[in-house]
Amino acid sequence: QVQLVESGGGLVQAGGSLTLSCAASGSIFSFTAMGWYRQAPGKERELVARITSGGSTNYADSVKDRFTVSRDNAKNTVYLQMNNLKPEDTAVYYCNAEGVGGDYWGQGTQVTVSS
């Protein structure tokens, strides 16, 4: 059973930075891709950033040039570096792993950006 554990969320002022981490219980080599999604109150969950096993990345337009997704295969960890945070980035952020048998999700970590 794969487990994904997020950490690094918190409260930050607009313009600040946070780094989220997602630690997998097993090797992340087995996942075709890993990514970060977020869900704000009253809104649907949306893709924020995604990185494939080959290192290709894609981002939501709203976070391009501000967020960076990366992976450390040796640590089985995926990161989301978030810079120049805005109040509209406030949401619960979820780690996702795309496996052959289906997707896995973390429990989520709250990010709150104050204006």
# chains A, B, ... in the order shown; residues from 1 in each chain; ligands from 1
call {"tool": "residues_around", "arguments": {"residues": "Ala24 (chain A)", "least_positions_apart": "2", "cutoff": "6 Å", "atoms": "only C-alpha atoms", "output": "list in words"}}
result
Gln3, Leu4, Gly26 and Asn76 of chain A
call {"tool": "select_by_dssp", "arguments": {"residues": "chain A", "states": "strand (DSSP E or B)", "output": "PyMOL selection string"}}
result
chain A and resi 4-7+10-13+18-24+33-39+46-52+57-59+67-72+77-82+91-99+102-105+109-114
call {"tool": "write_last_selection", "arguments": {"atoms": "C-alpha atoms", "output": "PDB file, in the first residue's frame"}}
result
ATOM      1  CA  LEU A   4       2.038   9.776   0.456  1.00  0.00           C
ATOM      2  CA  VAL A   5       2.715  12.210   3.279  1.00  0.00           C
ATOM      3  CA  GLU A   6       2.714  15.940   2.629  1.00  0.00           C
ATOM      4  CA  SER A   7       4.382  18.535   4.800  1.00  0.00           C
ATOM      5  CA  GLY A  10       1.282  26.906   6.772  1.00  0.00           C
ATOM      6  CA  LEU A  11       0.374  30.564   6.966  1.00  0.00           C
ATOM      7  CA  VAL A  12       2.378  33.081   4.964  1.00  0.00           C
ATOM      8  CA  GLN A  13       1.960  36.674   3.897  1.00  0.00           C
ATOM      9  CA  LEU A  18       6.728  28.010   1.054  1.00  0.00           C
ATOM     10  CA  THR A  19       8.097  24.626   0.055  1.00  0.00           C
ATOM     11  CA  LEU A  20       5.836  21.591   0.197  1.00  0.00           C
ATOM     12  CA  SER A  21       7.242  18.086   0.413  1.00  0.00           C
ATOM     13  CA  CYS A  22       5.605  14.784  -0.430  1.00  0.00           C
ATOM     14  CA  ALA A  23       7.323  11.678   0.878  1.00  0.00           C
ATOM     15  CA  ALA A  24       6.321   8.336  -0.621  1.00  0.00           C
ATOM     16  CA  ALA A  33       4.161  10.902 -12.788  1.00  0.00           C
ATOM     17  CA  MET A  34       3.687  12.769  -9.541  1.00  0.00           C
ATOM     18  CA  GLY A  35       1.998  16.042  -8.985  1.00  0.00           C
ATOM     19  CA  TRP A  36       0.395  18.595  -6.761  1.00  0.00           C
ATOM     20  CA  TYR A  37      -3.264  19.496  -6.791  1.00  0.00           C
ATOM     21  CA  ARG A  38      -5.140  22.019  -4.695  1.00  0.00           C
ATOM     22  CA  GLN A  39      -8.689  22.597  -3.610  1.00  0.00           C
ATOM     23  CA  GLU A  46      -7.276  21.469  -9.746  1.00  0.00           C
ATOM     24  CA  LEU A  47      -3.868  20.479 -11.010  1.00  0.00           C
ATOM     25  CA  VAL A  48      -1.102  22.825  -9.880  1.00  0.00           C
ATOM     26  CA  ALA A  49       2.040  21.132 -11.151  1.00  0.00           C
ATOM     27  CA  ARG A  50       3.105  17.736 -12.390  1.00  0.00           C
ATOM     28  CA  ILE A  51       6.409  16.002 -13.070  1.00  0.00           C
ATOM     29  CA  THR A  52       6.831  12.778 -15.007  1.00  0.00           C
ATOM     30  CA  THR A  57       6.923  19.228 -16.010  1.00  0.00           C
ATOM     31  CA  ASN A  58       3.714  21.114 -16.579  1.00  0.00           C
ATOM     32  CA  TYR A  59       2.006  23.830 -14.566  1.00  0.00           C
ATOM     33  CA  PHE A  67       5.968  27.578  -8.561  1.00  0.00           C
ATOM     34  CA  THR A  68       8.520  24.865  -9.296  1.00  0.00           C
ATOM     35  CA  VAL A  69       7.950  21.128  -8.985  1.00  0.00           C
ATOM     36  CA  SER A  70      10.930  18.818  -8.531  1.00  0.00           C
ATOM     37  CA  ARG A  71      11.710  15.302  -7.409  1.00  0.00           C
ATOM     38  CA  ASP A  72      14.478  13.576  -5.490  1.00  0.00           C
ATOM     39  CA  THR A  77      10.196  12.778  -2.363  1.00  0.00           C
ATOM     40  CA  VAL A  78       8.547  15.358  -4.573  1.00  0.00           C
ATOM     41  CA  TYR A  79       8.673  19.059  -3.797  1.00  0.00           C
ATOM     42  CA  LEU A  80       6.696  22.144  -4.695  1.00  0.00           C
ATOM     43  CA  GLN A  81       8.565  25.395  -4.285  1.00  0.00           C
ATOM     44  CA  MET A  82       6.073  28.242  -4.146  1.00  0.00           C
ATOM     45  CA  ALA A  91      -6.119  25.996  -0.539  1.00  0.00           C
ATOM     46  CA  VAL A  92      -5.492  22.491   0.682  1.00  0.00           C
ATOM     47  CA  TYR A  93      -2.647  21.078  -1.378  1.00  0.00           C
ATOM     48  CA  TYR A  94      -2.633  17.376  -2.198  1.00  0.00           C
ATOM     49  CA  CYS A  95       0.163  15.190  -3.466  1.00  0.00           C
ATOM     50  CA  ASN A  96      -0.743  12.750  -6.225  1.00  0.00           C
ATOM     51  CA  ALA A  97       1.059   9.762  -7.695  1.00  0.00           C
ATOM     52  CA  GLU A  98       0.003   8.149 -10.967  1.00  0.00           C
ATOM     53  CA  GLY A  99       0.567   4.416 -10.758  1.00  0.00           C
ATOM     54  CA  GLY A 102      -4.422   3.821 -10.284  1.00  0.00           C
ATOM     55  CA  ASP A 103      -3.785   7.092  -8.541  1.00  0.00           C
ATOM     56  CA  TYR A 104      -2.674   7.614  -4.963  1.00  0.00           C
ATOM     57  CA  TRP A 105      -3.338  10.689  -2.841  1.00  0.00           C
ATOM     58  CA  THR A 109      -1.685  20.173   3.708  1.00  0.00           C
ATOM     59  CA  GLN A 110      -3.227  23.600   4.228  1.00  0.00           C
ATOM     60  CA  VAL A 111      -1.637  26.658   2.668  1.00  0.00           C
ATOM     61  CA  THR A 112      -3.042  30.016   3.718  1.00  0.00           C
ATOM     62  CA  VAL A 113      -1.826  33.268   2.193  1.00  0.00           C
ATOM     63  CA  SER A 114      -2.813  36.467   3.956  1.00  0.00           C
TER      64      SER A 114
END
call {"tool": "closest_residue", "arguments": {"among": "A:Gly55, A:Gly106, A:Pro41, A:Gly9", "to": "Glu88 (chain A)", "atoms": "only C-alpha atoms"}}
result
A:Pro41
call {"tool": "atom_distance", "arguments": {"atom1": "CA of Glu44 (chain A)", "atom2": "CA of Ser27 (chain A)"}}
result
29.4 Å
call {"tool": "select_by_dssp", "arguments": {"residues": "region 22-92 of chain A", "states": "helix (DSSP H, G or I)", "output": "ChimeraX atom specification"}}
result
/A:28-30,73-75,87-89
call {"tool": "closest_residue", "arguments": {"among": "A:Ser115, A:Ser62, A:Gly101, A:Asn84", "to": "Ser17 (chain A)", "atoms": "only C-alpha atoms"}}
result
A:Asn84
call {"tool": "atom_distance", "arguments": {"atom1": "CA of Gly54 (chain A)", "atom2": "CA of Val2 (chain A)"}}
result
20.5 Å
